[in-house]
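Raw contents of target37.pdb, PDB, C-alpha atoms:
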ATOM      1  CA  MET I 149       0.000   0.000   0.000  1.00  0.00           C
ATOM      2  CA  ASN I 150       1.309   3.434  -0.977  1.00  0.00           C
ATOM      3  CA  ASP I 151       1.433   5.870   1.946  1.00  0.00           C
ATOM      4  CA  LYS I 152       1.887   8.929  -0.268  1.00  0.00           C
ATOM      5  CA  ILE I 153      -0.655  11.261  -1.814  1.00  0.00           C
ATOM      6  CA  ASN I 154      -0.283  13.718  -4.665  1.00  0.00           C
ATOM      7  CA  ILE I 155      -1.724  17.206  -4.688  1.00  0.00           C
ATOM      8  CA  ILE I 156      -1.933  18.907  -8.050  1.00  0.00           C
ATOM      9  CA  LEU I 157      -1.790  22.686  -8.103  1.00  0.00           C
ATOM     10  CA  GLU I 158      -2.024  25.118 -10.961  1.00  0.00           C
ATOM     11  CA  LYS I 159       1.163  27.179 -11.310  1.00  0.00           C
ATOM     12  CA  ASP I 160      -0.579  30.306  -9.984  1.00  0.00           C
ATOM     13  CA  GLU I 161      -1.874  28.378  -6.972  1.00  0.00           C
ATOM     14  CA  ALA I 162       1.609  27.053  -6.231  1.00  0.00           C
ATOM     15  CA  ILE I 163       3.121  30.540  -6.459  1.00  0.00           C
ATOM     16  CA  VAL I 164       0.535  32.048  -4.114  1.00  0.00           C
ATOM     17  CA  LEU I 165       0.816  29.154  -1.665  1.00  0.00           C
ATOM     18  CA  PHE I 166       4.611  29.361  -1.672  1.00  0.00           C
ATOM     19  CA  ASP I 167       4.534  33.108  -1.067  1.00  0.00           C
ATOM     20  CA  PHE I 168       2.123  32.679   1.847  1.00  0.00           C
ATOM     21  CA  LEU I 169       4.139  29.866   3.414  1.00  0.00           C
ATOM     22  CA  ALA I 170       7.415  31.759   3.023  1.00  0.00           C
ATOM     23  CA  ARG I 171       5.937  34.760   4.869  1.00  0.00           C
ATOM     24  CA  PHE I 172       4.147  32.624   7.463  1.00  0.00           C
ATOM     25  CA  ASN I 173       7.186  30.485   8.209  1.00  0.00           C
ATOM     26  CA  GLN I 174       9.349  33.570   8.801  1.00  0.00           C
ATOM     27  CA  ASN I 175       7.298  34.473  11.875  1.00  0.00           C
ATOM     28  CA  ASP I 176       7.045  32.817  15.247  1.00  0.00           C
ATOM     29  CA  ASN I 177       3.549  31.314  15.094  1.00  0.00           C
ATOM     30  CA  LYS I 178       3.825  28.931  18.037  1.00  0.00           C
ATOM     31  CA  GLU I 179       0.356  29.844  19.294  1.00  0.00           C
ATOM     32  CA  VAL I 180      -1.169  28.638  16.002  1.00  0.00           C
ATOM     33  CA  PHE I 181       0.122  25.082  16.243  1.00  0.00           C
ATOM     34  CA  GLU I 182      -1.213  22.349  18.437  1.00  0.00           C
ATOM     35  CA  ASP I 183       1.892  20.256  17.784  1.00  0.00           C
ATOM     36  CA  GLN I 184       5.343  20.999  16.317  1.00  0.00           C
ATOM     37  CA  ALA I 185       4.651  18.388  13.619  1.00  0.00           C
ATOM     38  CA  GLU I 186       2.136  20.801  12.060  1.00  0.00           C
ATOM     39  CA  GLN I 187       4.813  23.472  11.759  1.00  0.00           C
ATOM     40  CA  LYS I 188       7.244  20.966  10.245  1.00  0.00           C
ATOM     41  CA  ILE I 189       4.707  20.030   7.561  1.00  0.00           C
ATOM     42  CA  LEU I 190       4.390  23.673   6.518  1.00  0.00           C
ATOM     43  CA  TRP I 191       8.178  23.995   6.347  1.00  0.00           C
ATOM     44  CA  ASP I 192       8.304  20.829   4.221  1.00  0.00           C
ATOM     45  CA  ILE I 193       5.607  22.054   1.821  1.00  0.00           C
ATOM     46  CA  GLU I 194       7.411  25.371   1.434  1.00  0.00           C
ATOM     47  CA  SER I 195      10.626  23.495   0.662  1.00  0.00           C
ATOM     48  CA  ILE I 196       8.928  21.275  -1.923  1.00  0.00           C
ATOM     49  CA  LEU I 197       7.434  24.301  -3.673  1.00  0.00           C
ATOM     50  CA  GLU I 198      10.724  26.177  -3.517  1.00  0.00           C
ATOM     51  CA  LYS I 199      12.404  23.322  -5.414  1.00  0.00           C
ATOM     52  CA  GLN I 200       9.703  23.379  -8.106  1.00  0.00           C
ATOM     53  CA  LEU I 201       9.292  27.104  -8.700  1.00  0.00           C
ATOM     54  CA  THR I 202      11.715  29.409 -10.461  1.00  0.00           C
ATOM     55  CA  GLU I 203       9.455  32.464 -10.280  1.00  0.00           C
ATOM     56  CA  PRO I 204      10.492  33.576  -6.761  1.00  0.00           C
ATOM     57  CA  LEU I 205      14.040  34.042  -8.080  1.00  0.00           C
ATOM     58  CA  LEU I 206      13.047  36.297 -10.962  1.00  0.00           C
ATOM     59  CA  PRO I 207      13.543  40.058 -10.712  1.00  0.00           C
ATOM     60  CA  ASN I 208       9.858  40.688 -11.534  1.00  0.00           C
ATOM     61  CA  TYR I 209       8.548  38.339  -8.825  1.00  0.00           C
ATOM     62  CA  LYS I 210       6.333  41.042  -7.282  1.00  0.00           C
ATOM     63  CA  GLU I 211       4.525  41.369 -10.608  1.00  0.00           C
ATOM     64  CA  ILE I 212       4.291  37.591 -10.976  1.00  0.00           C
ATOM     65  CA  ILE I 213       2.752  37.103  -7.515  1.00  0.00           C
ATOM     66  CA  SER I 214       0.357  39.987  -8.100  1.00  0.00           C
ATOM     67  CA  GLU I 215      -0.797  38.497 -11.416  1.00  0.00           C
ATOM     68  CA  ALA I 216      -1.175  35.037  -9.856  1.00  0.00           C
ATOM     69  CA  ARG I 217      -3.321  36.427  -7.035  1.00  0.00           C
ATOM     70  CA  ASN I 218      -5.479  38.344  -9.515  1.00  0.00           C
ATOM     71  CA  LYS I 219      -6.011  35.227 -11.656  1.00  0.00           C
ATOM     72  CA  ILE I 220      -7.034  33.172  -8.639  1.00  0.00           C
ATOM     73  CA  ARG I 221      -9.494  35.859  -7.570  1.00  0.00           C
ATOM     74  CA  GLY I 222     -10.820  35.907 -11.128  1.00  0.00           C
ATOM     75  CA  GLU I 223      -9.602  39.450 -11.788  1.00  0.00           C
ATOM     76  CA  LYS I 224      -7.326  38.722 -14.760  1.00  0.00           C
TER      77      LYS I 224
END

Let's see the structure in the file written out as structure tokens.
Amino acid sequence: MNDKINIILEKDEAIVLFDFLARFNQNDNKEVFEDQAEQKILWDIESILEKQLTEPLLPNYKEIISEARNKIRGEK
């Protein structure tokens, strides 16, 4: 039996999620977590996304994240 699951995200969703996790993980959010394992999972997801995305390294990243947020909100 396979103990792994796959989550498929659109590129814009992955960019927005990565940006959120990067900001969230920079802060001390101990009061949010019931267990340290929850925090570790968020760190791991951020790391996985960071390995997949090149956009955060681009000089126009602020524009890219803004466009991704607008698309997700349906504001193209």

List, as a ChimeraX atom specification, every residue that the PyMOL selection byres ((chain I and resi 216-221) around 10) selects in the file provided.
/I:158-165,210-215,222-224

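The space separating CA of Lys178 (chain I) from CA of Glu198 (chain I) comes to 22.8 Å.
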
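Between CA of Pro207 (chain I) and CA of Asp167 (chain I) lies a distance of 14.9 Å.
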
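The interatomic distance for the pair CA of Gln174 (chain I) and CA of Lys152 (chain I) works out to 27.3 Å.
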
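The smallest atom-to-atom distance between Asn173 (chain I) and any of I:Thr202, I:Asn150, I:Asn208, I:Ser195, using all atoms listed in the file, is found for I:Ser195.
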
Using the atoms already present, construct all heavy atoms for region 149-160 of chain I and hand them back as a PDB file, in the frame of the given file.
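The resulting out.pdb:
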ATOM      1  N   MET I 149       0.841  -1.183   0.000  1.00  0.00           N
ATOM      2  CA  MET I 149       0.000   0.000   0.000  1.00  0.00           C
ATOM      3  C   MET I 149       0.886   1.246   0.000  1.00  0.00           C
ATOM      4  O   MET I 149       1.827   1.348   0.766  1.00  0.00           O
ATOM      5  CB  MET I 149      -0.907  -0.022   1.223  1.00  0.00           C
ATOM      6  CG  MET I 149      -1.856   1.120   1.279  1.00  0.00           C
ATOM      7  SD  MET I 149      -2.944   0.877   2.689  1.00  0.00           S
ATOM      8  CE  MET I 149      -4.156   2.072   2.321  1.00  0.00           C
ATOM      9  N   ASN I 150       0.557   2.189  -0.851  1.00  0.00           N
ATOM     10  CA  ASN I 150       1.309   3.434  -0.977  1.00  0.00           C
ATOM     11  C   ASN I 150       0.844   4.427   0.086  1.00  0.00           C
ATOM     12  O   ASN I 150      -0.336   4.759   0.171  1.00  0.00           O
ATOM     13  CB  ASN I 150       1.108   4.014  -2.377  1.00  0.00           C
ATOM     14  CG  ASN I 150       2.015   5.181  -2.643  1.00  0.00           C
ATOM     15  OD1 ASN I 150       2.698   5.673  -1.755  1.00  0.00           O
ATOM     16  ND2 ASN I 150       2.016   5.623  -3.875  1.00  0.00           N
ATOM     17  N   ASP I 151       1.770   4.926   0.880  1.00  0.00           N
ATOM     18  CA  ASP I 151       1.433   5.870   1.946  1.00  0.00           C
ATOM     19  C   ASP I 151       1.602   7.320   1.517  1.00  0.00           C
ATOM     20  O   ASP I 151       1.640   8.213   2.358  1.00  0.00           O
ATOM     21  CB  ASP I 151       2.303   5.610   3.184  1.00  0.00           C
ATOM     22  CG  ASP I 151       1.896   4.347   3.910  1.00  0.00           C
ATOM     23  OD1 ASP I 151       0.772   3.858   3.697  1.00  0.00           O
ATOM     24  OD2 ASP I 151       2.714   3.844   4.697  1.00  0.00           O
ATOM     25  N   LYS I 152       1.714   7.576   0.233  1.00  0.00           N
ATOM     26  CA  LYS I 152       1.887   8.929  -0.268  1.00  0.00           C
ATOM     27  C   LYS I 152       0.638   9.375  -1.010  1.00  0.00           C
ATOM     28  O   LYS I 152      -0.081   8.559  -1.572  1.00  0.00           O
ATOM     29  CB  LYS I 152       3.092   9.010  -1.209  1.00  0.00           C
ATOM     30  CG  LYS I 152       4.401   8.757  -0.502  1.00  0.00           C
ATOM     31  CD  LYS I 152       5.563   8.962  -1.437  1.00  0.00           C
ATOM     32  CE  LYS I 152       6.853   8.737  -0.673  1.00  0.00           C
ATOM     33  NZ  LYS I 152       8.020   9.168  -1.435  1.00  0.00           N
ATOM     34  N   ILE I 153       0.422  10.689  -1.004  1.00  0.00           N
ATOM     35  CA  ILE I 153      -0.655  11.261  -1.814  1.00  0.00           C
ATOM     36  C   ILE I 153      -0.053  12.363  -2.677  1.00  0.00           C
ATOM     37  O   ILE I 153       0.982  12.940  -2.351  1.00  0.00           O
ATOM     38  CB  ILE I 153      -1.807  11.827  -0.959  1.00  0.00           C
ATOM     39  CG1 ILE I 153      -1.331  13.004  -0.105  1.00  0.00           C
ATOM     40  CG2 ILE I 153      -2.419  10.759  -0.086  1.00  0.00           C
ATOM     41  CD1 ILE I 153      -2.465  13.825   0.455  1.00  0.00           C
ATOM     42  N   ASN I 154      -0.704  12.643  -3.770  1.00  0.00           N
ATOM     43  CA  ASN I 154      -0.283  13.718  -4.665  1.00  0.00           C
ATOM     44  C   ASN I 154      -1.317  14.824  -4.617  1.00  0.00           C
ATOM     45  O   ASN I 154      -2.521  14.556  -4.620  1.00  0.00           O
ATOM     46  CB  ASN I 154      -0.150  13.221  -6.103  1.00  0.00           C
ATOM     47  CG  ASN I 154       0.977  12.238  -6.253  1.00  0.00           C
ATOM     48  OD1 ASN I 154       2.045  12.424  -5.686  1.00  0.00           O
ATOM     49  ND2 ASN I 154       0.743  11.188  -7.026  1.00  0.00           N
ATOM     50  N   ILE I 155      -0.844  16.042  -4.599  1.00  0.00           N
ATOM     51  CA  ILE I 155      -1.724  17.206  -4.688  1.00  0.00           C
ATOM     52  C   ILE I 155      -1.299  17.962  -5.934  1.00  0.00           C
ATOM     53  O   ILE I 155      -0.124  18.321  -6.085  1.00  0.00           O
ATOM     54  CB  ILE I 155      -1.588  18.106  -3.444  1.00  0.00           C
ATOM     55  CG1 ILE I 155      -2.001  17.342  -2.197  1.00  0.00           C
ATOM     56  CG2 ILE I 155      -2.413  19.371  -3.615  1.00  0.00           C
ATOM     57  CD1 ILE I 155      -1.754  18.092  -0.903  1.00  0.00           C
ATOM     58  N   ILE I 156      -2.235  18.202  -6.808  1.00  0.00           N
ATOM     59  CA  ILE I 156      -1.933  18.907  -8.050  1.00  0.00           C
ATOM     60  C   ILE I 156      -2.405  20.344  -7.908  1.00  0.00           C
ATOM     61  O   ILE I 156      -3.558  20.600  -7.563  1.00  0.00           O
ATOM     62  CB  ILE I 156      -2.606  18.218  -9.242  1.00  0.00           C
ATOM     63  CG1 ILE I 156      -2.052  16.803  -9.381  1.00  0.00           C
ATOM     64  CG2 ILE I 156      -2.408  19.030 -10.517  1.00  0.00           C
ATOM     65  CD1 ILE I 156      -2.768  15.951 -10.402  1.00  0.00           C
ATOM     66  N   LEU I 157      -1.480  21.266  -8.161  1.00  0.00           N
ATOM     67  CA  LEU I 157      -1.790  22.686  -8.103  1.00  0.00           C
ATOM     68  C   LEU I 157      -1.525  23.315  -9.462  1.00  0.00           C
ATOM     69  O   LEU I 157      -0.581  22.927 -10.148  1.00  0.00           O
ATOM     70  CB  LEU I 157      -0.903  23.395  -7.070  1.00  0.00           C
ATOM     71  CG  LEU I 157      -1.007  22.968  -5.619  1.00  0.00           C
ATOM     72  CD1 LEU I 157       0.083  23.644  -4.794  1.00  0.00           C
ATOM     73  CD2 LEU I 157      -2.373  23.323  -5.066  1.00  0.00           C
ATOM     74  N   GLU I 158      -2.340  24.283  -9.818  1.00  0.00           N
ATOM     75  CA  GLU I 158      -2.024  25.118 -10.961  1.00  0.00           C
ATOM     76  C   GLU I 158      -0.809  25.951 -10.586  1.00  0.00           C
ATOM     77  O   GLU I 158      -0.548  26.187  -9.405  1.00  0.00           O
ATOM     78  CB  GLU I 158      -3.208  26.036 -11.301  1.00  0.00           C
ATOM     79  CG  GLU I 158      -4.467  25.295 -11.715  1.00  0.00           C
ATOM     80  CD  GLU I 158      -4.331  24.607 -13.064  1.00  0.00           C
ATOM     81  OE1 GLU I 158      -3.576  25.109 -13.933  1.00  0.00           O
ATOM     82  OE2 GLU I 158      -4.971  23.566 -13.255  1.00  0.00           O
ATOM     83  N   LYS I 159      -0.046  26.398 -11.575  1.00  0.00           N
ATOM     84  CA  LYS I 159       1.163  27.179 -11.310  1.00  0.00           C
ATOM     85  C   LYS I 159       0.847  28.397 -10.445  1.00  0.00           C
ATOM     86  O   LYS I 159       1.557  28.683  -9.479  1.00  0.00           O
ATOM     87  CB  LYS I 159       1.806  27.608 -12.621  1.00  0.00           C
ATOM     88  CG  LYS I 159       3.029  28.482 -12.470  1.00  0.00           C
ATOM     89  CD  LYS I 159       4.230  27.734 -11.927  1.00  0.00           C
ATOM     90  CE  LYS I 159       4.941  27.049 -13.004  1.00  0.00           C
ATOM     91  NZ  LYS I 159       6.370  27.042 -13.032  1.00  0.00           N
ATOM     92  N   ASP I 160      -0.220  29.122 -10.768  1.00  0.00           N
ATOM     93  CA  ASP I 160      -0.579  30.306  -9.984  1.00  0.00           C
ATOM     94  C   ASP I 160      -0.896  29.937  -8.533  1.00  0.00           C
ATOM     95  O   ASP I 160      -0.517  30.662  -7.609  1.00  0.00           O
ATOM     96  CB  ASP I 160      -1.779  31.034 -10.603  1.00  0.00           C
ATOM     97  CG  ASP I 160      -1.440  31.690 -11.929  1.00  0.00           C
ATOM     98  OD1 ASP I 160      -0.287  32.147 -12.095  1.00  0.00           O
ATOM     99  OD2 ASP I 160      -2.323  31.751 -12.800  1.00  0.00           O
TER     100      ASP I 160
END
